[in-house]
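Below is one structure, written out as C-alpha cells, with a few remarks after it.
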Amino acid sequence: MNLETVMQELEALGKERLKKMYMSNGAHEPLFGVATGAMKPIAKKIKKNQPLAEQLYATGNYDAMYFAGIIADPDAMTEDDFERWIDGAYFYMLSDYVVAVTLAETDIAQEVADQWIASGEELRMSAGWSCYCWLLGSRPDAQFDESKIANLLEMVEKTIHESPERTKASMNNFMYTVGVSYPPLHDKAVETAKAVGQVEVKRDKKKSSFLLASENIQKAVDKGQIGFKRKYVRC
C-alpha cells in the first residue's frame with residue numbers, strides 16, 4: 001500500500017463525531033476522525049513500514065500521524081527522527097500517545113526522554129515523562145537505575161505544581177506508574193504522591209482537571225495490581 005491508498009482508506013473510516021471529539025482535545029484540520037481500533041485491519045496488511053510511516057507523519061493529518069506510529073519501525077528510527085516527530089507533534093495525543101509510545105520501543109528511549117524532560121518545552125517534557133510511563137509499565141524492573149527513578153520522583157515533587165499544564169498531567173501519571181509498575185520504589189512513589197497532593201490541570205475552554213495520584217495508587221493496591229506490566233506498548 002502506498003501513501004495515497006492509505007489516506008483514502010483512513011478517510012473512508014472517518015466519523016464526524018470522533019473528529020469533533022479529537023478537535024475538542026486539541027487536534028486541528030486536516031483530520032478524518034478515525035477510531036484507533038478501526039486502523040488495526042490496515043495495520044495488519046502493512047505491518048512495519050518506516051518509509052510509509054514517515055510519509056504519513058509528514059502529512060500533518062492527525063489520523064495519518066497516529067497511524068504512522070502504529071506502523072513505524074522504532075528500531076529504524078534515530079534520535080534525529082524522534083526530534084523531527086516531536087517537532088511535528090502539536091498536541092498531547094501526538095506527543096504522548098504516538099511519539100512517546102514509539103520511542104519507548106527503542107534502546108535510546110531513556111536518553112531521549114531525559115533530554116526532553118530537561119527541555120523546558122511543554123509537549124517535549126510531557127512526552128519525556130510519558131515515555132518513562134510506557135517504559136516502566138512494560139519493561140523488567142532490572143532495566144532501570146533505581147536511584148535515577150528516585151531522582152525523577154524528587155523532581156516531580158519539587159516542580160510539578162509550577163510545570164506547564166500538559167506536563168503536569170504526565171508527571172502525575174509518572175508518580176502513579178512508579179507506584180504501580182515499579183515495586184522497588186512503590187513506597188517512595190506513595191510518599192511523593194501524598195506530598196504533592198491534588199494537581200490542578202487547567203484546560204482551554206474546559207473546566208480544570210484535578211488529579212490525585214495517591215488515591216489512584218491506593219485503588220491499584222486494593223485491586224492487587226502492584227507490579228503490573230503490559231505485554232505490548234503499541235496497540
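Please note that chains go A, B, ... in the order of the C-alpha cells, that every chain numbers its residues from 1, and that ligands are numbered from 1 in the order shown.
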Those of region 57-203 of chain A in DSSP strand (DSSP E or B), formatted as a list in words
Val199, Glu200, Val201, Lys202 and Arg203 of chain A
Dump C-alpha atoms for the selected residues as a short mmCIF file (atom, residue, chain, number, x, y, z; two decimals), in the first residue's frame?
```
data_model
loop_
_atom_site.label_atom_id
_atom_site.label_comp_id
_atom_site.auth_asym_id
_atom_site.auth_seq_id
_atom_site.Cartn_x
_atom_site.Cartn_y
_atom_site.Cartn_z
CA VAL A 199 -2.76 18.59 40.99
CA GLU A 200 -4.86 21.06 39.05
CA VAL A 201 -4.53 20.88 35.27
CA LYS A 202 -6.11 23.88 33.53
CA ARG A 203 -7.57 23.31 30.07
#
```
Would you list the contacts of region 35-47 of chain A as a list in words, taking every protein, DNA or RNA residue within 9 Å and counting only C-alpha atoms, but skipping same-chain residues closer than 3 positions in sequence?
Met1, Val6, Glu9, Leu10, Leu13, Gly14, Lys15, Leu18, Asp63, Tyr66, Phe67, Ile70, Ile71, Ala72 and Cys235 of chain A
Using only C-alpha atoms, which protein or nucleic acid residues come within 10 Å of Glu165 (chain A)? Drop anything in the same chain fewer than 2 positions from it, and give the result as a PyMOL selection string.
chain A and resi 122-123+126+160-163+167-170+199-203+208
Just the selected residues (N, CA and C atoms), exported as a tab-separated table (two decimals), in the first residue's frame, please.
```tsv
chain	number	residue	atom	x	y	z
A	122	GLU	N	6.75	22.40	26.90
A	122	GLU	CA	5.61	21.66	27.45
A	122	GLU	C	5.42	20.26	26.85
A	123	LEU	N	5.29	20.16	25.53
A	123	LEU	CA	4.98	18.86	24.94
A	123	LEU	C	6.19	17.93	24.88
A	126	SER	N	6.28	16.64	28.39
A	126	SER	CA	5.17	15.69	28.55
A	126	SER	C	5.51	14.36	27.90
A	160	ILE	N	6.27	19.92	40.01
A	160	ILE	CA	5.01	19.63	39.29
A	160	ILE	C	4.03	20.80	39.30
A	161	HIS	N	3.87	21.46	40.44
A	161	HIS	CA	2.84	22.50	40.53
A	161	HIS	C	3.17	23.74	39.70
A	162	GLU	N	4.47	23.92	39.38
A	162	GLU	CA	4.87	25.09	38.56
A	162	GLU	C	5.08	24.71	37.09
A	163	SER	N	4.88	23.45	36.75
A	163	SER	CA	5.15	23.00	35.38
A	163	SER	C	4.01	23.37	34.43
A	167	THR	N	2.35	19.00	30.89
A	167	THR	CA	3.46	18.32	31.56
A	167	THR	C	3.03	17.85	32.95
A	168	LYS	N	2.23	18.66	33.64
A	168	LYS	CA	1.73	18.28	34.96
A	168	LYS	C	1.01	16.94	34.90
A	169	ALA	N	0.14	16.78	33.89
A	169	ALA	CA	-0.65	15.55	33.76
A	169	ALA	C	0.26	14.34	33.59
A	170	SER	N	1.32	14.49	32.79
A	170	SER	CA	2.24	13.37	32.55
A	170	SER	C	3.11	13.09	33.78
A	199	VAL	N	-3.38	17.81	42.08
A	199	VAL	CA	-2.76	18.59	40.99
A	199	VAL	C	-3.85	19.14	40.09
A	200	GLU	N	-3.87	20.45	39.93
A	200	GLU	CA	-4.86	21.06	39.05
A	200	GLU	C	-4.26	21.23	37.65
A	201	VAL	N	-4.96	20.70	36.66
A	201	VAL	CA	-4.53	20.88	35.27
A	201	VAL	C	-5.58	21.73	34.57
A	202	LYS	N	-5.17	22.96	34.20
A	202	LYS	CA	-6.11	23.88	33.53
A	202	LYS	C	-6.18	23.54	32.05
A	203	ARG	N	-7.39	23.64	31.48
A	203	ARG	CA	-7.57	23.31	30.07
A	203	ARG	C	-8.33	24.41	29.36
A	208	SER	N	-11.11	22.81	34.76
A	208	SER	CA	-9.84	22.20	35.16
A	208	SER	C	-10.05	20.74	35.55
```
Using only C-alpha atoms, which residue out of A:Lys205, A:Lys194, A:Arg124, A:His186 lies closest to Asp141 (chain A)?
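Closest candidate: A:His186.
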What parts of chain A does DSSP call alpha helix (DSSP H)? I'd like the answer as a PyMOL selection string.
chain A and resi 3-13+16-24+40-46+50-58+62-71+79-88+92-94+100-103+109-117+122-136+146-159+165-181+186-196+213-222
